[in-house]
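Heads up: the structure comes next, in structure tokens.
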Amino acid sequence: MKNTTRRVLTTVAAIVSCVAAADAAAPSAATLNTLEKGVVAIVHFGPNTFTGREWGYGDAPAEVFAPEKFNAAQWAAVAKAGGIRRIILVCKHHDGFCLWPSAYNVDYTVANTPWRDGKGDLVKEVRDATIAAGLEFGVYLSPWDRHHAEYARPAYTEYFHNQWAELMDNYGPISEVWLDSANGGDGWYGGAGEMRKIPEASVYYDHPRLLKAIIEKCPLAAIFGMDTDRTLRWPGNELGIVPEADDLVHNGLFQPPEADTPLRGKWFWHPDDQAKSLEELIDCYFASVGRSGILDLGLAPNREGLIDDGDVQRLKEFGDWLRRFNQVDYAKDARCERLITGEWRWILPEARTFDAIDLAEDVRDGLRVAAWKVFADGREIAGGGQIGYRRMVRLDAPVTAKEIRVEVESDGKESLRLSLREV
């Protein structure tokens with residue numbers, strides 16, 4: 001970190017409850033549950049791990065998949081140590097290879113590999129290990145399939161829904177459904193080796209049908225890649241960064257951003273890639289969770305089926321930092337006052353030093369704040385737009401103060417909280 005001794009102000013005070021107005025955008029139970037997780041992980045593992053590709057063409061022999069030391073419990077333990085609270089498994093990437101023995105795929109699944117003598121079920125093993133570790137389990141199933149002979153034709157849509165039904169029926173509880181935006185292009189397609197495109201994705205994949213199934217079978221599942229009240233939006237990059245001026249409301253719905261980024265250089269494992277530094281991960285945390293979003297770290301197990309030692313160490317460092325940052329609170333004894341409409345004040349027992357502001361709204365009552373400013377002993381030190389579930393700003397230099405005042409532009413029914421922590 002740039003300054004490992006600096007202190008951080010976040011805020012903690014009792015939330016002031018209020019009645020939600022009809023026009024206030026509030027998160028669904030599914031999105032609120034995800035926001036509470038803060039940091040999640042998406043795991044890429046398959047034939048690409050062994051061939052060195054990122055987007056498999058769909059023609060790699062299934063037999064290349066042979067992780068001799070695969071250990072799902074190691075994945076879950078490493079994720080948990082890293083402060084990750086949900087694992088999203090890429091069950092099928094664009095190459096069409098399935099990490100479970102799908103009844104609808106006879107030639108391109110783990111059943112066609114030497115792993116576990118063709119009798120293994122990697123999705124089940126990861127799901128079981130994830131749940132056993134006290135984490136939530138999510139599923140990514142690529143809509144695009146470069147292996148399937150019927151892709152871009154009506155028969156593939158039915159195949160797609162059949163596979164979702166398999167996953168939801170047999171591998172729940174599923175807390176997040178991931179739909180990639182890669183939707184067509186060149187591929188193997190059963191040996192055709194041609195370019196294929198689809199009409200509008202929501203029409204071709206029949207999103208209304210899929211949404212109905214998700215609601216019925218996975219009542220708390222958030223959805224990445226579909227426009228609903230359960231939506232987790234892509235922030236427009238794979239850097240783990242939510243733009244500072246990001247709007248949390250889209251089409252009248254509260255849709256928080258899920259900022260995805262590989263822990264290593266790429267999504268799948270490559271021997272020369274290295275994990276991001278601790279400072280980079282902390283920057284991502286402030287630029288995602290600190291902007292009312294979710295940080296989604298991409299984990300890439302190696303060809304043995306294990307997470308590399310360097311990644312293990314970096315995740316532990318990050319997890320240790322997260323726990324210290326979020327557990328220590330020096331503002332429990334602060335006195336909170338609502339002065340007038342749009343103005344709040346926290347009085348500390350004595351002057352304390354900090355270098356970051358952490359604000360939060362009670363978004364269960366709806367998103368209310370359009371802009372905010374923070375003052376320390378009367379001097380303005382930070383400001384921004386929406387607050388949402390959590391808004392954190394690091395200051396250029398430490399500040400020492402006894403009184404923290406917050407001014408907001410809102411409908412007058414906001415509920416705020418504020419805390420004091422140390423990195």
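Note on naming: chains are A, B, ... as they come in the structure tokens, residues start from 1 per chain, ligands start from 1 in the order shown.
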
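Within 9 Å of Tyr204 in chain A, once only C-alpha atoms are used and residues closer than 4 positions along the same chain are dropped, the contacting residues are Ala152, Arg153, Pro154, Thr157, Ile198, Pro199 and Glu200 of chain A.
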
Please produce a file of the residues just selected, as a CSV table (one decimal), in the first residue's frame, where the atoms kept are C-alpha atoms.
chain,number,residue,atom,x,y,z
A,152,ALA,CA,-27.9,-20.1,-33.9
A,153,ARG,CA,-30.7,-22.4,-34.8
A,154,PRO,CA,-33.9,-23.1,-32.9
A,157,THR,CA,-32.3,-22.6,-27.7
A,198,ILE,CA,-28.0,-14.7,-33.7
A,199,PRO,CA,-30.9,-12.2,-33.6
A,200,GLU,CA,-31.4,-10.2,-30.4

- Message: So that I can see what lies close to range 181-193 of chain A, please list as a list of chain:residue names the residues with an atom at most 8 Å from it, counting only C-alpha atoms and leaving out residues fewer than 3 positions away in the same chain.
- Response: A:Tyr57, A:Gly58, A:Asp59, A:His94, A:Ser142, A:Pro143, A:Trp144, A:Asp145, A:Arg146, A:His147, A:His148, A:Ala149, A:Glu150, A:Tyr151, A:Ala152, A:Arg196, A:Lys197, A:Ile198, A:Ala201, A:Gly225

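The spacing separating CA of Gly52 in chain A from CA of Lys124 in chain A amounts to 25.1 Å.
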
Within 12 Å of range 282-297 of chain A: each range 41-122 of chain A residue with its shortest pair, only C-alpha atoms, as a tab-separated table:
residue	atom	partner	partner_atom	distance
A:Ala41	CA	A:Leu297	CA	4.6
A:Ile42	CA	A:Leu297	CA	6.2
A:Val43	CA	A:Leu297	CA	8.5
A:His44	CA	A:Leu297	CA	10.8
A:Ala79	CA	A:Leu297	CA	9.7
A:Gly82	CA	A:Leu297	CA	10.1
A:Gly83	CA	A:Leu297	CA	10.8
A:Ile84	CA	A:Leu297	CA	8.5
A:Arg85	CA	A:Asp296	CA	10.3
A:Arg86	CA	A:Asp296	CA	9.2
A:Ile87	CA	A:Asp296	CA	9.3
A:Ile88	CA	A:Asp296	CA	9.2
A:Leu89	CA	A:Leu297	CA	11.9

Just to be explicit: take each residue in the selection above, keep N, CA and C atoms, and write the result as a CSV table (one decimal), in the first residue's frame.
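Saved to part.csv:
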chain,number,residue,atom,x,y,z
A,41,ALA,N,-16.2,-14.4,-6.3
A,41,ALA,CA,-15.2,-14.9,-7.3
A,41,ALA,C,-15.9,-15.7,-8.4
A,42,ILE,N,-15.3,-15.6,-9.6
A,42,ILE,CA,-15.8,-16.4,-10.7
A,42,ILE,C,-14.6,-17.2,-11.2
A,43,VAL,N,-14.8,-18.5,-11.3
A,43,VAL,CA,-13.7,-19.5,-11.5
A,43,VAL,C,-13.8,-20.0,-13.0
A,44,HIS,N,-12.7,-19.8,-13.7
A,44,HIS,CA,-12.6,-20.3,-15.1
A,44,HIS,C,-11.6,-21.6,-15.1
A,79,ALA,N,-10.6,-19.3,-1.4
A,79,ALA,CA,-11.6,-18.2,-1.6
A,79,ALA,C,-12.0,-17.6,-0.3
A,82,GLY,N,-9.6,-15.4,1.3
A,82,GLY,CA,-9.4,-14.1,0.6
A,82,GLY,C,-10.6,-13.2,0.8
A,83,GLY,N,-11.5,-13.5,1.7
A,83,GLY,CA,-12.6,-12.6,2.0
A,83,GLY,C,-13.7,-12.7,1.0
A,84,ILE,N,-13.7,-13.8,0.1
A,84,ILE,CA,-14.7,-14.0,-0.9
A,84,ILE,C,-15.8,-14.8,-0.3
A,85,ARG,N,-17.1,-14.4,-0.6
A,85,ARG,CA,-18.2,-15.0,0.0
A,85,ARG,C,-19.2,-15.7,-0.9
A,86,ARG,N,-18.8,-15.8,-2.2
A,86,ARG,CA,-19.6,-16.5,-3.2
A,86,ARG,C,-18.6,-17.0,-4.3
A,87,ILE,N,-18.8,-18.2,-4.7
A,87,ILE,CA,-18.0,-18.7,-5.8
A,87,ILE,C,-19.0,-19.0,-7.0
A,88,ILE,N,-18.7,-18.4,-8.1
A,88,ILE,CA,-19.5,-18.6,-9.4
A,88,ILE,C,-18.6,-19.4,-10.3
A,89,LEU,N,-19.1,-20.6,-10.6
A,89,LEU,CA,-18.3,-21.5,-11.4
A,89,LEU,C,-18.7,-21.4,-12.9

- Query: Within 10 Å of Glu176 in chain A, counting only C-alpha atoms, which residues qualify if same-chain residues fewer than 3 places away don't, as a PyMOL selection string?
  - Reply: chain A and resi 30-31+34+86-89+136-140+173+179+214+218+220-224+230-232

- Query: Pick the closest to Asp206 in chain A from A:Trp267, A:Tyr171, A:Trp344, A:Tyr159: which is it, counting only C-alpha atoms?
  - Reply: A:Tyr159

- Would you mind writing down, as a ChimeraX atom specification, each residue of range 112-265 of chain A that DSSP on the backbone assigns to alpha helix (DSSP H)? /A:122-132,154-170,201-204,207-217

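If you measure from each of A:Arg421, A:Arg116, A:Arg345, A:Arg390 to Asp329 in chain A using only C-alpha atoms, the closest one turns out to be A:Arg421.
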
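Running DSSP on the backbone gives strand (DSSP E or B) for these residues within range 186-315 of chain A: Asp186, Gly187, Glu194, Met195, Arg196, Lys197, Ala222, Ile223, Phe224, Thr231, Leu232, Arg233, Val249, His250, Leu253, Phe254, Pro257, Glu258, Ala259, Asp260, Thr261, Pro262, Arg291, Ile294, Leu295, Asp296, Leu297, Gly298 and Leu299 of chain A.
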
- Counting only C-alpha atoms, figure out which residue out of A:Ala155, A:Ile387, A:Cys336, A:Leu211 gets nearest to Asp246 in chain A. A:Ile387

- Message: List the spatial neighbours of Ala370 in chain A as a ChimeraX atom specification - criterion: any atom at most 8 Å away, only C-alpha atoms, same-chain residues fewer than 5 positions off excluded.
- Response: /A:385-387,408-410

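The shell of residues at most 12 Å from Asp272 in chain A, with only C-alpha atoms counted and near chain neighbours (fewer than 4 positions) removed, consists of A:Gly52, A:Arg264, A:Gly265, A:Lys266, A:Phe268, A:Asn302, A:Asp308, A:Gly310.
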
Atoms kept (N, CA and C atoms) for selection, written as a short mmCIF file (atom, residue, chain, number, x, y, z; two decimals), in the first residue's frame:
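As a result, result_23.cif now contains:
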data_model
loop_
_atom_site.label_atom_id
_atom_site.label_comp_id
_atom_site.auth_asym_id
_atom_site.auth_seq_id
_atom_site.Cartn_x
_atom_site.Cartn_y
_atom_site.Cartn_z
N GLY A 52 -4.04 -23.41 -23.34
CA GLY A 52 -3.47 -22.06 -23.33
C GLY A 52 -4.34 -21.03 -24.00
N ARG A 264 -5.38 -12.85 -11.83
CA ARG A 264 -4.15 -12.93 -12.60
C ARG A 264 -4.30 -12.08 -13.87
N GLY A 265 -3.44 -12.29 -14.83
CA GLY A 265 -3.49 -11.49 -16.05
C GLY A 265 -4.69 -11.77 -16.92
N LYS A 266 -5.15 -13.03 -16.93
CA LYS A 266 -6.26 -13.43 -17.80
C LYS A 266 -7.24 -14.27 -17.02
N PHE A 268 -8.41 -17.49 -17.75
CA PHE A 268 -7.93 -18.86 -17.58
C PHE A 268 -6.46 -18.83 -17.17
N ASN A 302 -4.80 -24.05 -11.88
CA ASN A 302 -3.80 -24.49 -12.84
C ASN A 302 -4.13 -25.87 -13.42
N ASP A 308 -2.72 -21.71 -7.74
CA ASP A 308 -1.28 -21.53 -7.57
C ASP A 308 -0.92 -20.94 -6.20
N GLY A 310 1.23 -18.66 -5.39
CA GLY A 310 1.29 -17.20 -5.39
C GLY A 310 -0.08 -16.56 -5.26
#

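In terms of minimum interatomic distance to Val126 in chain A, A:Ala77 ranks closest within A:Ile381, A:Ala77, A:Leu141, A:Leu315, counting only C-alpha atoms.
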
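Pairwise distance (CA of Glu350 in chain A, CA of Arg338 in chain A) equals 19.8 Å.
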
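Among the candidates A:Val78, A:Arg303, A:Ala66, A:Met226, the residue lying nearest to Thr113 in chain A is A:Ala66 (atoms considered: only C-alpha atoms).
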